[in-house]
Amino acid sequence: MSTLPAPPTPSSAATRYAAGVIGHEVPTEEQRLHLLEQMLDPDTIRTLERRGIQPSWRCLELGAGAGSIAHWLASRCPDGQVVATDLGTTFLAARSAPNLRVLRHDVVAEDFPLGSFDLIHARWLLVNLPEREEVLAKVVTWLVPGGWLVTEDLDLFPVDSSPHPTLRRFIDAFEQLLADSHGADFRWARRRLPAALAEVGLVELGMSVSIKHVGDGSPDDAAYRMSMAQLRSGLVSRGLLSEAQYTAGIAPLDDPAVLDAPLANIAAWGQRPPS
Ligand SMILES: C[S@@+](CC[C@H](N)C(=O)[O-])C[C@H]1O[C@@H](n2cnc3c(N)ncnc32)[C@H](O)[C@@H]1O
């Protein structure tokens with residue numbers, strides 16, 4: 001009688017993320033992920049298009065979230081295949097395409113065979129993993145020679161020059177909450193990209209930075225407000241902000257004279273050297 005292999009034990013990073021303040025069990029997380037897609041997809045599609053995607057490519061979308069980019073890749077690679085992974089795949093159930101495979105997979109604990117993919121994309125994933133650089137070193141081995149890795153990550157460097165002290169205070173608390181929740185580091189991308197890609201052997205490096213605005217009713221603004229509303233109870237219950245400080249951080253955005261640019265999406269890419 002054959003026995004099935006035991007399912008892999010989730011990494012502690014995965015357990016912390018899933019149980020944390022932006023885990024998929026949080027009732028508003030699916031809606032928040034859709035707003036992140038509206039904010040980020042135009043940047044991502046521009047960046048991925050420039051990698052010269054071919055219809056036959058095999059692509060891996062790591063930490064696919066609600067799946068818009070996995071679905072877009074499937075439409076661009078009709079003769080290839082897209083694998084979309086996440087710790088939880090419920091939000092991906094609505095995304096179907098004949099060449100899209102959805103897989104529950106913990107990128108910290110699990111693997112893929114060497115040389116499996118022409119393109120690997122991860123958005124706002126590495127920055128959320130304490131083991132981000134070990135994961136990066138592993139993920140590049142899944143590329144074929146000549147294959148591309150594209151990572152995009154949130155960084156908070158723009159807030160340091162914000163003229164609004166209440167916003168700076170607010171985002172400091174947000175940064176601390178996500179570090180405490182699951183080990184996020186929203187300063188890693190500015191500090192380490194694209195150098196970290198060179199250190200794992202990638203060539204033809206590139207980067208692109210997109211600053212996100214709040215207070216202007218844009219998709220960026222909607223995603224920011226939704227994220228902060230979701231985190232409100234965590235920020236207050238852990239003593240990172242008082243209710244008054246929370247309100248002082250959000251209320252100015254309703255003043256038509258107040259706009260700010262506190263966040264950045266840093267995209268970086270590199271190619272595994274062609275053999
Ligand atoms: C901030 S969300 C971004 C989702 C999507 N990449 C996007 O940008 O729209 C991060 C995603 O990574 C997933 N994730 C976190 N830790 C993971 C792990 N160890 N393995 C696979 N996915 C993970 C989360 O479940 C979540 O869906």
# chains A, B, ... in the order shown; residues from 1 in each chain; ligands from 1

$ residues_near_ligand --ligand "ligand 1" --cutoff "6 Å" --atoms "only C-alpha atoms and all ligand atoms" --output "JSON, numbers by chain"
{"A": [13, 14, 17, 33, 36, 37, 63, 64, 65, 86, 87, 88, 105, 106, 107, 108, 122, 123, 124, 125]}

$ select_by_dssp --residues "stretch 37-229 of chain A" --states "helix (DSSP H, G or I)" --output "ChimeraX atom specification"
/A:37-49,68-76,90-92,126-128,132-142,157-161,165-182,188-192,195-199,219-229

$ closest_atom_pairs --of "stretch 69-97 of chain A" --to "stretch 51-60 of chain A" --cutoff "6 Å" --atoms "only C-alpha atoms" --output "CSV"
residue,atom,partner,partner_atom,distance
A:Arg76,CA,A:Pro55,CA,6.0
A:Cys77,CA,A:Pro55,CA,3.9
A:Pro78,CA,A:Pro55,CA,5.5
A:Asp79,CA,A:Ser56,CA,4.5
A:Gly80,CA,A:Ser56,CA,4.1
A:Gln81,CA,A:Arg58,CA,4.8
A:Val82,CA,A:Cys59,CA,4.7
A:Val83,CA,A:Leu60,CA,4.9

$ closest_atom_pairs --of "stretch 222-243 of chain A" --to "stretch 156-168 of chain A" --cutoff "12 Å" --atoms "only C-alpha atoms" --output "CSV"
residue,atom,partner,partner_atom,distance
A:Tyr224,CA,A:Leu167,CA,12.0
A:Met228,CA,A:Leu167,CA,11.6
A:Leu241,CA,A:Thr166,CA,10.9

$ residues_around --residues "A:Gly217" --least-positions-apart "5" --cutoff "12 Å" --atoms "only C-alpha atoms" --output "list of chain:residue names"
A:Met39, A:Lys212, A:Ala222, A:Ala223, A:Tyr224, A:Arg225, A:Leu253, A:Asp254, A:Asp255, A:Pro256, A:Val258, A:Leu259, A:Asp260

$ closest_residue --among "A:Leu48, A:Val102, A:Ile69, A:Leu154" --to "A:Trp269" --atoms "only C-alpha atoms"
A:Leu48

$ closest_residue --among "A:Thr44, A:Ser68, A:Gln230, A:Ser12" --to "A:Asp153" --atoms "only C-alpha atoms"
A:Thr44

$ atom_distance --atom1 "atom CA of A:Gly215" --atom2 "atom CA of A:Ala257"
8.6 Å

$ decode --residues "stretch 207-246 of chain A" --atoms "C-alpha atoms" --output "PDB file, in the first residue's frame"
ATOM      1  CA  MET A 207      14.801  49.086 -11.288  1.00  0.00           C
ATOM      2  CA  SER A 208      11.830  51.420 -11.368  1.00  0.00           C
ATOM      3  CA  VAL A 209      10.338  53.401  -8.497  1.00  0.00           C
ATOM      4  CA  SER A 210       6.739  54.592  -8.384  1.00  0.00           C
ATOM      5  CA  ILE A 211       5.676  57.000  -5.645  1.00  0.00           C
ATOM      6  CA  LYS A 212       2.108  56.602  -4.358  1.00  0.00           C
ATOM      7  CA  HIS A 213      -0.138  59.532  -3.458  1.00  0.00           C
ATOM      8  CA  VAL A 214      -2.744  59.963  -0.755  1.00  0.00           C
ATOM      9  CA  GLY A 215      -5.442  62.581  -0.277  1.00  0.00           C
ATOM     10  CA  ASP A 216      -6.348  62.818  -3.967  1.00  0.00           C
ATOM     11  CA  GLY A 217      -9.116  60.219  -4.299  1.00  0.00           C
ATOM     12  CA  SER A 218      -6.852  58.100  -6.578  1.00  0.00           C
ATOM     13  CA  PRO A 219      -6.578  54.281  -6.488  1.00  0.00           C
ATOM     14  CA  ASP A 220      -3.450  54.820  -4.330  1.00  0.00           C
ATOM     15  CA  ASP A 221      -5.526  56.831  -1.873  1.00  0.00           C
ATOM     16  CA  ALA A 222      -8.275  54.192  -1.753  1.00  0.00           C
ATOM     17  CA  ALA A 223      -5.794  51.369  -1.078  1.00  0.00           C
ATOM     18  CA  TYR A 224      -4.057  53.400   1.629  1.00  0.00           C
ATOM     19  CA  ARG A 225      -7.290  54.298   3.431  1.00  0.00           C
ATOM     20  CA  MET A 226      -8.551  50.712   3.300  1.00  0.00           C
ATOM     21  CA  SER A 227      -5.251  49.384   4.669  1.00  0.00           C
ATOM     22  CA  MET A 228      -5.263  51.856   7.519  1.00  0.00           C
ATOM     23  CA  ALA A 229      -8.920  51.171   8.363  1.00  0.00           C
ATOM     24  CA  GLN A 230      -8.157  47.443   8.507  1.00  0.00           C
ATOM     25  CA  LEU A 231      -5.198  48.034  10.802  1.00  0.00           C
ATOM     26  CA  ARG A 232      -6.955  50.493  13.088  1.00  0.00           C
ATOM     27  CA  SER A 233      -7.803  48.052  15.863  1.00  0.00           C
ATOM     28  CA  GLY A 234      -4.297  46.528  15.780  1.00  0.00           C
ATOM     29  CA  LEU A 235      -2.654  49.939  15.937  1.00  0.00           C
ATOM     30  CA  VAL A 236      -4.770  51.057  18.870  1.00  0.00           C
ATOM     31  CA  SER A 237      -4.958  47.766  20.820  1.00  0.00           C
ATOM     32  CA  ARG A 238      -1.160  47.390  20.740  1.00  0.00           C
ATOM     33  CA  GLY A 239      -0.712  50.938  21.965  1.00  0.00           C
ATOM     34  CA  LEU A 240       1.082  52.089  18.804  1.00  0.00           C
ATOM     35  CA  LEU A 241      -1.425  54.919  18.336  1.00  0.00           C
ATOM     36  CA  SER A 242      -4.170  56.385  20.500  1.00  0.00           C
ATOM     37  CA  GLU A 243      -7.610  56.802  18.908  1.00  0.00           C
ATOM     38  CA  ALA A 244      -6.856  60.527  18.740  1.00  0.00           C
ATOM     39  CA  GLN A 245      -3.560  59.926  16.937  1.00  0.00           C
ATOM     40  CA  TYR A 246      -5.272  57.538  14.507  1.00  0.00           C
TER      41      TYR A 246
END
